[in-house]
Amino acid sequence: MTQLPITVCQVLGMARRTAYYVTRARADGRYHRATDQSVLEQIRAVTNSRATYGYRRVSAMVNRTFRTGYNRKRIRRVMQLHGLMLAPRVHRRQGPAARRADSAAGLQPALVLRRLLDSLLERRGDLRGLCDRLPRS
């Protein structure tokens, strides 16, 4: 019976140590570096003034502002751990079929915006003059 793992490993061409390897979970979940707290402070400094920036822009701003060379994957990991990530973007279908459907339904962006502002003007009288600056469609 002791020969069985050895022969299977030889047939598969893998090391015996790999067959006996048991993975261990980290005590605190994900990987942490000792300097992550200073990275988090720098990220918060950027996101406090620019809340709509994602991890790519934040990493560029942190590296530019603080003259560091952090990898964008590290910035992303720290932002995920501390709940600083933006909601994922929902991409609208693009292409000729989508544009035809929009034009057939009359959904031109300027017209939609104008209708929205017209309905707001009916509800509130203090927005007068705002709708006059929009392009006519």
# chains A, B, ... in the order shown; residues from 1 in each chain; ligands from 1
call {"tool": "select_by_dssp", "arguments": {"residues": "region 42-81 of chain A", "states": "helix (DSSP H, G or I)", "output": "tab-separated table (two decimals) with N, CA, C and O atoms, in the first residue's frame"}}
result
chain	number	residue	atom	x	y	z
A	42	GLN	N	-3.18	57.05	2.37
A	42	GLN	CA	-2.96	57.77	1.12
A	42	GLN	C	-4.16	57.62	0.18
A	42	GLN	O	-4.57	58.58	-0.48
A	43	ILE	N	-4.74	56.42	0.15
A	43	ILE	CA	-5.93	56.20	-0.68
A	43	ILE	C	-7.09	57.06	-0.19
A	43	ILE	O	-7.80	57.69	-0.97
A	44	ARG	N	-7.27	57.10	1.13
A	44	ARG	CA	-8.37	57.91	1.69
A	44	ARG	C	-8.15	59.40	1.41
A	44	ARG	O	-9.12	60.13	1.21
A	45	ALA	N	-6.92	59.84	1.39
A	45	ALA	CA	-6.65	61.24	1.07
A	45	ALA	C	-7.09	61.56	-0.35
A	45	ALA	O	-7.62	62.65	-0.61
A	46	VAL	N	-6.92	60.62	-1.26
A	46	VAL	CA	-7.33	60.84	-2.65
A	46	VAL	C	-8.85	60.70	-2.78
A	46	VAL	O	-9.51	61.52	-3.40
A	47	THR	N	-9.42	59.66	-2.18
A	47	THR	CA	-10.86	59.41	-2.36
A	47	THR	C	-11.73	60.41	-1.60
A	47	THR	O	-12.89	60.57	-1.95
A	48	ASN	N	-11.20	61.06	-0.59
A	48	ASN	CA	-12.00	62.08	0.10
A	48	ASN	C	-12.27	63.27	-0.80
A	48	ASN	O	-13.34	63.87	-0.74
A	49	SER	N	-11.31	63.62	-1.63
A	49	SER	CA	-11.51	64.75	-2.53
A	49	SER	C	-12.09	64.32	-3.87
A	49	SER	O	-12.70	65.12	-4.57
A	55	TYR	N	-10.35	52.35	-8.82
A	55	TYR	CA	-9.02	51.97	-8.33
A	55	TYR	C	-7.91	52.35	-9.31
A	55	TYR	O	-6.79	52.63	-8.90
A	56	ARG	N	-8.21	52.40	-10.60
A	56	ARG	CA	-7.16	52.74	-11.56
A	56	ARG	C	-6.75	54.20	-11.42
A	56	ARG	O	-5.56	54.54	-11.39
A	57	ARG	N	-7.74	55.08	-11.36
A	57	ARG	CA	-7.43	56.51	-11.20
A	57	ARG	C	-6.83	56.78	-9.84
A	57	ARG	O	-5.93	57.61	-9.69
A	58	VAL	N	-7.36	56.09	-8.81
A	58	VAL	CA	-6.83	56.29	-7.45
A	58	VAL	C	-5.36	55.87	-7.40
A	58	VAL	O	-4.54	56.57	-6.81
A	59	SER	N	-5.03	54.74	-8.04
A	59	SER	CA	-3.63	54.32	-8.01
A	59	SER	C	-2.74	55.32	-8.74
A	59	SER	O	-1.63	55.61	-8.28
A	60	ALA	N	-3.23	55.87	-9.84
A	60	ALA	CA	-2.43	56.89	-10.54
A	60	ALA	C	-2.26	58.14	-9.69
A	60	ALA	O	-1.17	58.72	-9.63
A	61	MET	N	-3.33	58.56	-9.03
A	61	MET	CA	-3.27	59.77	-8.19
A	61	MET	C	-2.37	59.55	-6.97
A	61	MET	O	-1.61	60.44	-6.59
A	62	VAL	N	-2.47	58.38	-6.34
A	62	VAL	CA	-1.63	58.10	-5.16
A	62	VAL	C	-0.17	58.08	-5.57
A	62	VAL	O	0.69	58.68	-4.91
A	63	ASN	N	0.14	57.42	-6.67
A	63	ASN	CA	1.54	57.35	-7.12
A	63	ASN	C	2.06	58.71	-7.53
A	63	ASN	O	3.23	59.03	-7.31
A	64	ARG	N	1.22	59.54	-8.14
A	64	ARG	CA	1.65	60.86	-8.57
A	64	ARG	C	1.77	61.81	-7.38
A	64	ARG	O	2.75	62.54	-7.24
A	65	THR	N	0.76	61.80	-6.51
A	65	THR	CA	0.72	62.76	-5.40
A	65	THR	C	1.80	62.46	-4.35
A	65	THR	O	2.49	63.36	-3.89
A	72	ARG	N	-1.20	48.77	-9.13
A	72	ARG	CA	-2.63	49.02	-9.09
A	72	ARG	C	-3.39	47.86	-8.47
A	72	ARG	O	-4.45	48.04	-7.88
A	73	LYS	N	-2.83	46.64	-8.53
A	73	LYS	CA	-3.49	45.49	-7.91
A	73	LYS	C	-3.45	45.59	-6.38
A	73	LYS	O	-4.39	45.18	-5.71
A	74	ARG	N	-2.39	46.18	-5.87
A	74	ARG	CA	-2.30	46.37	-4.42
A	74	ARG	C	-3.31	47.42	-3.98
A	74	ARG	O	-4.01	47.25	-2.97
A	75	ILE	N	-3.41	48.51	-4.74
A	75	ILE	CA	-4.38	49.56	-4.44
A	75	ILE	C	-5.80	48.97	-4.47
A	75	ILE	O	-6.62	49.23	-3.60
A	76	ARG	N	-6.09	48.15	-5.46
A	76	ARG	CA	-7.40	47.53	-5.60
A	76	ARG	C	-7.69	46.62	-4.40
A	76	ARG	O	-8.80	46.63	-3.85
A	77	ARG	N	-6.70	45.82	-3.98
A	77	ARG	CA	-6.90	44.92	-2.84
A	77	ARG	C	-7.20	45.69	-1.56
A	77	ARG	O	-8.13	45.37	-0.83
A	78	VAL	N	-6.44	46.76	-1.32
A	78	VAL	CA	-6.65	47.56	-0.11
A	78	VAL	C	-8.02	48.24	-0.16
A	78	VAL	O	-8.74	48.28	0.84
A	79	MET	N	-8.39	48.74	-1.33
A	79	MET	CA	-9.69	49.39	-1.46
A	79	MET	C	-10.83	48.39	-1.26
A	79	MET	O	-11.84	48.71	-0.62
A	80	GLN	N	-10.68	47.17	-1.75
A	80	GLN	CA	-11.69	46.15	-1.55
A	80	GLN	C	-11.83	45.76	-0.09
A	80	GLN	O	-12.94	45.61	0.43
A	81	LEU	N	-10.69	45.61	0.59
A	81	LEU	CA	-10.72	45.21	2.00
A	81	LEU	C	-11.43	46.25	2.87
A	81	LEU	O	-12.04	45.90	3.88
call {"tool": "closest_residue", "arguments": {"among": "A:Thr18, A:Gln37, A:Thr52, A:Gln10", "to": "Met85 (chain A)", "atoms": "only C-alpha atoms"}}
result
A:Thr52
call {"tool": "atom_distance", "arguments": {"atom1": "CA of Arg89 (chain A)", "atom2": "CA of Leu113 (chain A)"}}
result
21.3 Å
call {"tool": "atom_distance", "arguments": {"atom1": "CA of Arg30 (chain A)", "atom2": "CA of Leu84 (chain A)"}}
result
16.2 Å
